[in-house]
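Shown below: input.cif, with mmCIF, C-alpha atoms.
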data_query
#
loop_
_atom_site.label_atom_id
_atom_site.label_comp_id
_atom_site.auth_asym_id
_atom_site.auth_seq_id
_atom_site.Cartn_x
_atom_site.Cartn_y
_atom_site.Cartn_z
CA MET A 1 10.12 -23.69 -23.88
CA LYS A 2 6.72 -23.84 -22.24
CA LEU A 3 6.19 -25.94 -19.13
CA LYS A 4 3.73 -28.17 -20.98
CA GLN A 5 6.40 -29.08 -23.57
CA LEU A 6 9.01 -29.60 -20.86
CA LEU A 7 6.78 -32.10 -19.06
CA GLN A 8 6.14 -34.03 -22.29
CA LEU A 9 9.85 -34.13 -23.09
CA ILE A 10 10.89 -35.73 -19.79
CA ASP A 11 7.64 -37.69 -19.30
CA GLY A 12 7.28 -35.70 -16.11
CA THR A 13 4.53 -34.92 -13.66
CA ALA A 14 3.66 -31.77 -11.76
CA LEU A 15 3.39 -32.18 -7.99
CA THR A 16 1.93 -28.74 -7.33
CA PRO A 17 -0.46 -26.45 -9.22
CA TYR A 18 1.23 -25.07 -12.35
CA ASP A 19 0.85 -22.84 -15.38
CA GLU A 20 1.43 -24.94 -18.51
CA ASN A 21 2.25 -21.80 -20.51
CA GLN A 22 5.08 -20.72 -18.22
CA GLU A 23 8.21 -20.09 -20.30
CA PHE A 24 11.74 -21.28 -19.51
CA ASN A 25 15.02 -20.43 -21.19
CA TYR A 26 17.64 -21.73 -18.75
CA VAL A 27 18.48 -24.80 -16.68
CA PHE A 28 20.82 -25.21 -13.74
CA ALA A 29 21.43 -28.76 -12.52
CA SER A 30 23.14 -29.59 -9.23
CA ASP A 31 22.75 -31.39 -5.93
CA LEU A 32 25.06 -28.83 -4.30
CA MET A 33 22.99 -25.90 -3.14
CA SER A 34 26.02 -23.66 -2.59
CA ASP A 35 26.79 -24.03 -6.29
CA VAL A 36 23.24 -23.02 -7.13
CA LEU A 37 23.49 -20.00 -4.82
CA ALA A 38 26.84 -19.01 -6.35
CA LEU A 39 26.04 -19.41 -10.02
CA VAL A 40 22.39 -18.52 -10.66
CA GLN A 41 22.66 -14.76 -10.72
CA LYS A 42 20.04 -13.54 -13.16
CA ASP A 43 16.98 -14.58 -15.14
CA SER A 44 16.10 -16.92 -12.28
CA ASP A 45 12.39 -16.59 -13.10
CA GLN A 46 13.14 -18.26 -16.47
CA THR A 47 15.32 -20.97 -14.90
CA VAL A 48 14.46 -24.53 -13.92
CA LEU A 49 16.48 -26.02 -11.06
CA VAL A 50 17.10 -29.71 -11.81
CA THR A 51 18.23 -31.67 -8.76
CA GLY A 52 18.20 -35.00 -6.99
CA LEU A 53 18.27 -33.25 -3.62
CA CYS A 54 14.71 -33.84 -2.58
CA ASN A 55 14.35 -31.91 0.67
CA ALA A 56 13.48 -28.51 2.11
CA GLN A 57 16.91 -27.08 1.30
CA SER A 58 16.41 -27.34 -2.46
CA LEU A 59 13.08 -25.53 -2.00
CA ARG A 60 14.58 -22.81 0.20
CA THR A 61 17.50 -22.37 -2.20
CA ALA A 62 15.08 -21.88 -5.09
CA ASP A 63 13.03 -19.46 -3.02
CA MET A 64 16.08 -17.36 -2.07
CA LEU A 65 16.98 -16.98 -5.75
CA ASP A 66 13.41 -16.43 -7.03
CA ILE A 67 13.64 -19.65 -9.06
CA GLY A 68 10.00 -20.60 -9.50
CA THR A 69 10.35 -24.21 -10.66
CA VAL A 70 12.22 -27.20 -9.23
CA LEU A 71 12.47 -30.49 -11.13
CA TYR A 72 13.32 -33.62 -9.12
CA VAL A 73 15.01 -36.43 -11.06
CA ARG A 74 15.04 -40.21 -10.52
CA ASP A 75 11.47 -40.36 -9.30
CA LYS A 76 12.25 -39.11 -5.79
CA HIS A 77 9.55 -39.13 -3.14
CA VAL A 78 8.53 -35.69 -1.91
CA SER A 79 7.19 -35.52 1.64
CA ASP A 80 3.83 -33.92 2.38
CA GLU A 81 5.66 -31.37 4.51
CA ASP A 82 7.87 -30.33 1.60
CA LEU A 83 4.91 -30.18 -0.76
CA GLN A 84 3.19 -27.79 1.66
CA LEU A 85 6.37 -25.73 1.96
CA ALA A 86 6.65 -25.50 -1.84
CA GLU A 87 3.04 -24.38 -2.15
CA SER A 88 3.46 -21.80 0.60
CA MET A 89 6.42 -20.39 -1.36
CA GLY A 90 4.49 -20.42 -4.63
CA LEU A 91 6.97 -22.87 -6.17
CA THR A 92 6.11 -25.29 -8.96
CA LEU A 93 7.45 -28.78 -8.26
CA LEU A 94 7.99 -31.25 -11.11
CA ALA A 95 9.23 -34.85 -11.08
CA THR A 96 10.60 -37.27 -13.65
CA ARG A 97 11.82 -40.87 -13.69
CA CYS A 98 14.76 -39.79 -15.88
CA THR A 99 18.23 -39.55 -14.39
CA MET A 100 19.98 -36.19 -14.06
CA TYR A 101 22.06 -37.00 -17.15
CA GLU A 102 19.07 -37.96 -19.27
CA THR A 103 17.06 -34.96 -18.09
CA CYS A 104 19.82 -32.47 -18.84
CA GLY A 105 20.50 -34.07 -22.22
CA LEU A 106 16.88 -33.84 -23.24
CA LEU A 107 16.47 -30.24 -22.10
CA TYR A 108 19.77 -29.11 -23.64
CA GLY A 109 18.98 -30.89 -26.90
CA HIS A 110 15.71 -29.04 -27.15
CA GLY A 111 17.13 -25.58 -26.75
CA LEU A 112 17.24 -24.78 -23.05
CA LYS A 113 20.51 -23.05 -22.22
CA PRO A 114 22.90 -23.11 -19.27
CA VAL A 115 22.68 -20.12 -16.94
CA GLU A 116 24.92 -17.27 -18.02
CA LYS A 117 28.13 -17.02 -16.05
CA ALA A 118 29.01 -13.71 -14.41
CA MET B 1 19.63 5.64 14.61
CA SER B 2 17.87 2.48 13.52
CA LEU B 3 14.84 2.48 11.23
CA PHE B 4 14.22 -1.23 11.73
CA HIS B 5 15.63 -3.94 14.00
CA GLN B 6 14.79 -7.59 14.44
CA ASP B 7 16.53 -10.45 16.29
CA TYR B 8 16.42 -14.15 15.47
CA GLN B 9 17.78 -17.30 17.15
CA VAL B 10 19.56 -20.18 15.42
CA GLN B 11 20.11 -23.57 17.08
CA ARG B 12 23.06 -25.92 16.54
CA GLU B 13 22.44 -28.61 13.90
CA ASP B 14 18.77 -27.62 13.56
CA TYR B 15 18.60 -28.89 9.99
CA ALA B 16 14.79 -29.16 10.06
CA ASN B 17 14.53 -25.38 10.36
CA ALA B 18 17.56 -24.45 8.28
CA GLY B 19 16.72 -21.41 6.19
CA ARG B 20 13.65 -20.29 8.12
CA VAL B 21 15.31 -17.14 9.42
CA SER B 22 16.49 -16.20 5.93
CA SER B 23 13.01 -16.82 4.50
CA SER B 24 11.55 -14.63 7.22
CA ILE B 25 14.07 -11.83 6.58
CA LYS B 26 13.47 -12.02 2.83
CA SER B 27 9.74 -11.81 3.39
CA VAL B 28 10.05 -8.77 5.69
CA LEU B 29 12.32 -6.95 3.22
CA LYS B 30 10.14 -7.83 0.25
CA GLN B 31 7.21 -6.15 1.97
CA MET B 32 9.37 -3.03 2.31
CA GLY B 33 9.67 -2.93 -1.49
CA LEU B 34 13.42 -3.49 -1.85
CA ASN B 35 14.90 -3.74 -5.34
CA PRO B 36 14.57 -7.45 -6.36
CA ASN B 37 18.25 -7.79 -7.33
CA VAL B 38 19.42 -6.36 -4.01
CA LEU B 39 16.89 -8.51 -2.19
CA ARG B 40 18.21 -11.65 -3.91
CA ASN B 41 21.79 -10.83 -2.89
CA ILE B 42 20.69 -10.28 0.71
CA ALA B 43 18.73 -13.56 0.68
CA VAL B 44 21.67 -15.54 -0.74
CA ALA B 45 24.18 -14.13 1.77
CA CYS B 46 21.81 -14.53 4.69
CA TYR B 47 20.94 -18.11 3.78
CA GLU B 48 24.59 -19.15 3.38
CA ALA B 49 25.49 -17.56 6.71
CA GLU B 50 22.51 -19.11 8.50
CA ILE B 51 23.43 -22.55 7.12
CA ASN B 52 27.03 -22.01 8.27
CA MET B 53 25.80 -21.30 11.82
CA ILE B 54 23.69 -24.46 11.85
CA ILE B 55 26.42 -26.68 10.40
CA HIS B 56 29.50 -25.33 12.15
CA SER B 57 28.54 -23.49 15.35
CA GLU B 58 26.98 -24.07 18.73
CA GLY B 59 24.13 -21.79 17.64
CA GLY B 60 23.72 -18.08 18.03
CA GLU B 61 21.83 -14.94 17.08
CA ILE B 62 21.08 -13.14 13.85
CA GLU B 63 20.32 -9.41 13.97
CA LEU B 64 18.78 -7.49 11.09
CA ASN B 65 19.22 -3.74 11.20
CA ILE B 66 18.36 -0.91 8.82
CA ALA B 67 20.05 2.39 9.62
CA GLU B 68 18.85 5.86 8.68
CA ASP B 69 21.81 6.29 6.33
CA GLY B 70 20.51 3.42 4.17
CA LEU B 71 22.86 0.67 5.37
CA LEU B 72 21.09 -2.63 5.84
CA SER B 73 23.29 -4.84 8.03
CA ILE B 74 22.91 -8.38 9.24
CA HIS B 75 25.03 -9.63 12.14
CA PHE B 76 25.62 -13.35 12.72
CA ASN B 77 27.02 -13.94 16.20
CA ASP B 78 27.59 -17.54 17.23
CA HIS B 79 28.81 -19.20 20.42
CA GLY B 80 31.86 -20.99 19.01
CA PRO B 81 33.94 -23.00 18.39
CA GLY B 82 35.29 -20.51 15.83
CA ILE B 83 36.87 -21.08 12.40
CA SER B 84 40.18 -22.94 12.64
CA ASP B 85 41.71 -21.33 9.55
CA LEU B 86 39.87 -18.22 8.37
CA GLU B 87 42.15 -17.71 5.36
CA LYS B 88 41.37 -21.19 4.05
CA ALA B 89 37.66 -20.75 4.86
CA MET B 90 37.62 -17.72 2.56
CA SER B 91 39.04 -19.84 -0.29
CA PRO B 92 36.46 -21.48 -2.59
CA GLY B 93 36.33 -25.24 -2.14
CA TRP B 94 37.71 -25.56 1.41
CA SER B 95 35.22 -27.21 3.73
CA THR B 96 35.05 -28.97 7.08
CA ALA B 97 31.36 -29.80 6.79
CA SER B 98 30.02 -33.09 8.14
CA GLU B 99 28.40 -35.85 6.11
CA LYS B 100 25.07 -34.68 7.52
CA ALA B 101 25.62 -31.19 6.12
CA ARG B 102 26.52 -32.65 2.73
CA GLU B 103 23.31 -34.71 2.73
CA PHE B 104 21.48 -31.41 2.90
CA GLY B 105 23.30 -30.07 -0.15
CA PHE B 106 25.88 -27.95 1.66
CA GLY B 107 29.56 -28.24 2.47
CA ALA B 108 30.93 -27.40 -0.98
CA GLY B 109 33.23 -24.81 0.54
CA MET B 110 31.52 -21.94 -1.25
CA GLY B 111 29.74 -20.34 1.71
CA LEU B 112 32.00 -17.50 2.89
CA PRO B 113 33.36 -16.63 -0.59
CA ASN B 114 29.79 -16.48 -1.88
CA ILE B 115 28.63 -14.30 1.02
CA LYS B 116 31.49 -11.86 0.42
CA ARG B 117 30.83 -11.77 -3.33
CA VAL B 118 27.23 -10.60 -3.01
CA SER B 119 27.70 -8.20 -0.06
CA ASP B 120 28.62 -4.51 -0.19
CA GLU B 121 30.31 -4.77 3.20
CA PHE B 122 31.82 -7.86 4.82
CA GLU B 123 33.55 -8.10 8.20
CA ILE B 124 34.42 -11.28 10.06
CA GLU B 125 36.32 -12.08 13.23
CA THR B 126 36.62 -15.46 14.86
CA SER B 127 37.91 -17.00 18.07
CA PRO B 128 37.14 -20.20 20.03
CA GLN B 129 34.45 -18.19 21.85
CA GLY B 130 32.59 -17.52 18.63
CA THR B 131 32.47 -16.03 15.16
CA ARG B 132 31.05 -12.58 14.44
CA LEU B 133 30.11 -11.89 10.84
CA MET B 134 28.64 -8.61 9.60
CA ILE B 135 27.35 -8.20 6.07
CA GLY B 136 26.08 -4.88 4.80
CA PHE B 137 24.08 -3.72 1.81
CA ARG B 138 23.48 -0.19 0.60
CA ILE B 139 19.77 0.33 0.08
CA GLN B 140 17.73 3.51 -0.45
CA PRO B 141 17.34 5.31 2.92
#

Would you mind writing the structure in this file as structure tokens?
Amino acid sequence: MKLKQLLQLIDGTALTPYDENQEFNYVFASDLMSDVLALVQKDSDQTVLVTGLCNAQSLRTADMLDIGTVLYVRDKHVSDEDLQLAESMGLTLLATRCTMYETCGLLYGHGLKPVEKA
Amino acid sequence: MSLFHQDYQVQREDYANAGRVSSSIKSVLKQMGLNPNVLRNIAVACYEAEINMIIHSEGGEIELNIAEDGLLSIHFNDHGPGISDLEKAMSPGWSTASEKAREFGFGAGMGLPNIKRVSDEFEIETSPQGTRLMIGFRIQP
């Protein structure tokens, strides 16, 4: 799925510069960063991290794993500081008003897969 | 003989800067052209260990070292109070993290097991005076 289609699906907005043709195949959704660090082991460049944890730690977790895109659910406010941090890391930040459940349902229903377990 | 050495400081409960040392180490190693998969494992282990120091310790030092024989090691030496039950701490799901740590997305009890899983070498010793963790990765010399 291209980023443009993903944004339309969840009625989302991009908070940082983005490439609308970027392709995704996988989603990992969690507010627990240790779970993200433990379970996203490959294809992280094709993975979207969906989370309600709207702070620097979700950005740093994504950066450690080379996940390029973070999607914040429930219309969370992102601080200017975190926006700058995301841009300095080259991350794409997205936001949606949908809940985590709705977001995951929509993405799963349109073909995005869970990350592969080791 | 060391090919590269760098020291970093970590302060107790410095949540605002949590992860900065790991980002810095990842950036340094990326510039050296490390294999991306190895680099990701190093970054994950380093980040988990740095977060552990911030959440659980009185602060301490992180030392990055690359030896001539191709062993990249990172030492995490904190100033206490030590891990009360190391065996339990190595079990997935056991956590003593504070509410504050959980607000930041940590405290799931996956830290030490995850660090050990991605490391080639893992040594830990703990006492009330402090915890000393060494993780090692085999990279091309």

What does the structure give for the distance between atom CA of Cys104 of chain A and atom CA of Ala29 of chain A, in Å to one decimal?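 Between atom CA of Cys104 of chain A and atom CA of Ala29 of chain A the gap is 7.5 Å.
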
Going by the chain IDs and residue numbers used in this file, which residues fall under the PyMOL selection byres ((chain B) within 6 of (chain A))? Write them as a list in words. Arg40, Ala43, Gly105, Phe106, Met110 and Asn114 of chain B

Tell me which residues the PyMOL selection byres ((chain B and resi 3) around 8) grabs here, as a ChimeraX atom specification. /B:1-2,4-5,65-68

Polymer residues at most 9 Å from segment 49-51 of chain B, only C-alpha atoms, same-chain spacing of 3 or more positions, as a short mmCIF file (atom, residue, chain, number, x, y, z; two decimals) with C-alpha atoms, keeping the file's coordinate frame:
data_model
loop_
_atom_site.label_atom_id
_atom_site.label_comp_id
_atom_site.auth_asym_id
_atom_site.auth_seq_id
_atom_site.Cartn_x
_atom_site.Cartn_y
_atom_site.Cartn_z
CA VAL B 10 19.56 -20.18 15.42
CA TYR B 15 18.60 -28.89 9.99
CA ALA B 18 17.56 -24.45 8.28
CA GLY B 19 16.72 -21.41 6.19
CA ARG B 20 13.65 -20.29 8.12
CA VAL B 21 15.31 -17.14 9.42
CA SER B 22 16.49 -16.20 5.93
CA VAL B 44 21.67 -15.54 -0.74
CA ALA B 45 24.18 -14.13 1.77
CA CYS B 46 21.81 -14.53 4.69
CA ILE B 54 23.69 -24.46 11.85
CA ILE B 55 26.42 -26.68 10.40
CA HIS B 56 29.50 -25.33 12.15
CA ILE B 62 21.08 -13.14 13.85
CA PHE B 76 25.62 -13.35 12.72
CA ALA B 101 25.62 -31.19 6.12
CA PHE B 106 25.88 -27.95 1.66
CA GLY B 111 29.74 -20.34 1.71
CA LEU B 112 32.00 -17.50 2.89
CA ILE B 115 28.63 -14.30 1.02
CA LEU B 133 30.11 -11.89 10.84
#

Please enumerate the residues selected by the PyMOL selection byres ((chain B and resi 89) around 12) when evaluated against the supplied file, formatted as a PyMOL selection string. chain B and resi 52+56+82-88+90-97+107-116+124+126

Store the residues of this selection in a file with C-alpha atoms, as a PDB file, in the coordinates of the input.
ATOM      1  CA  ASN B  52      27.030 -22.010   8.270  1.00  0.00           C
ATOM      2  CA  HIS B  56      29.500 -25.330  12.150  1.00  0.00           C
ATOM      3  CA  GLY B  82      35.290 -20.510  15.830  1.00  0.00           C
ATOM      4  CA  ILE B  83      36.870 -21.080  12.400  1.00  0.00           C
ATOM      5  CA  SER B  84      40.180 -22.940  12.640  1.00  0.00           C
ATOM      6  CA  ASP B  85      41.710 -21.330   9.550  1.00  0.00           C
ATOM      7  CA  LEU B  86      39.870 -18.220   8.370  1.00  0.00           C
ATOM      8  CA  GLU B  87      42.150 -17.710   5.360  1.00  0.00           C
ATOM      9  CA  LYS B  88      41.370 -21.190   4.050  1.00  0.00           C
ATOM     10  CA  MET B  90      37.620 -17.720   2.560  1.00  0.00           C
ATOM     11  CA  SER B  91      39.040 -19.840  -0.290  1.00  0.00           C
ATOM     12  CA  PRO B  92      36.460 -21.480  -2.590  1.00  0.00           C
ATOM     13  CA  GLY B  93      36.330 -25.240  -2.140  1.00  0.00           C
ATOM     14  CA  TRP B  94      37.710 -25.560   1.410  1.00  0.00           C
ATOM     15  CA  SER B  95      35.220 -27.210   3.730  1.00  0.00           C
ATOM     16  CA  THR B  96      35.050 -28.970   7.080  1.00  0.00           C
ATOM     17  CA  ALA B  97      31.360 -29.800   6.790  1.00  0.00           C
ATOM     18  CA  GLY B 107      29.560 -28.240   2.470  1.00  0.00           C
ATOM     19  CA  ALA B 108      30.930 -27.400  -0.980  1.00  0.00           C
ATOM     20  CA  GLY B 109      33.230 -24.810   0.540  1.00  0.00           C
ATOM     21  CA  MET B 110      31.520 -21.940  -1.250  1.00  0.00           C
ATOM     22  CA  GLY B 111      29.740 -20.340   1.710  1.00  0.00           C
ATOM     23  CA  LEU B 112      32.000 -17.500   2.890  1.00  0.00           C
ATOM     24  CA  PRO B 113      33.360 -16.630  -0.590  1.00  0.00           C
ATOM     25  CA  ASN B 114      29.790 -16.480  -1.880  1.00  0.00           C
ATOM     26  CA  ILE B 115      28.630 -14.300   1.020  1.00  0.00           C
ATOM     27  CA  LYS B 116      31.490 -11.860   0.420  1.00  0.00           C
ATOM     28  CA  ILE B 124      34.420 -11.280  10.060  1.00  0.00           C
ATOM     29  CA  THR B 126      36.620 -15.460  14.860  1.00  0.00           C
TER      30      THR B 126
END

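Residues in contact range of Asp19 of chain A, defined as at most 9 Å between only C-alpha atoms, with sequence neighbours fewer than 3 positions away removed, read Leu3, Lys4, Gln22 and Thr92 of chain A.
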
Might I get the box with edges along x, y and z of the file that holds all atoms of segment 19-37 of chain A listed there, padded by 4 Å on every side, given as centre and edge lengths in Å to one decimal, as AutoDock Vina command-line options?
--center_x 13.8 --center_y -25.7 --center_z -11.9 --size_x 33.9 --size_y 19.4 --size_z 26.6

Using all atoms listed in the file, determine which residues lie at most 12 Å from Leu64 of chain B, disregarding the query and same-chain residues fewer than 5 positions distant; provide the list as JSON, numbers by chain. {"B": [2, 3, 4, 5, 6, 7, 8, 9, 21, 22, 24, 25, 26, 28, 29, 42, 46, 71, 72, 73, 74, 75, 76, 77, 134, 135, 136, 137]}

Neighbours of Leu49 of chain A within 8 Å (all atoms listed in the file; same-chain residues fewer than 4 positions away dropped), as a count of residues only? 9

By how many Å are atom CA of Arg102 of chain B and atom CA of Leu83 of chain A apart? 22.0 Å

Can you tell me, as a list in words, what residues are no more than 9 Å from Pro17 of chain A when counting all atoms listed in the file, ignoring any on the same chain fewer than 3 positions away?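 Surrounding residues, per the criterion: Ala14, Glu87, Leu91, Thr92 and Leu93 of chain A.
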
Dump of C-alpha atoms for the selected residues, as an mmCIF file, in the frame of the given file:
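Written out: selection-v1.cif:
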data_model
loop_
_atom_site.group_PDB
_atom_site.id
_atom_site.type_symbol
_atom_site.label_atom_id
_atom_site.label_comp_id
_atom_site.auth_asym_id
_atom_site.auth_seq_id
_atom_site.Cartn_x
_atom_site.Cartn_y
_atom_site.Cartn_z
ATOM 1 C CA ALA A 14 3.660 -31.770 -11.760
ATOM 2 C CA GLU A 87 3.040 -24.380 -2.150
ATOM 3 C CA LEU A 91 6.970 -22.870 -6.170
ATOM 4 C CA THR A 92 6.110 -25.290 -8.960
ATOM 5 C CA LEU A 93 7.450 -28.780 -8.260
#
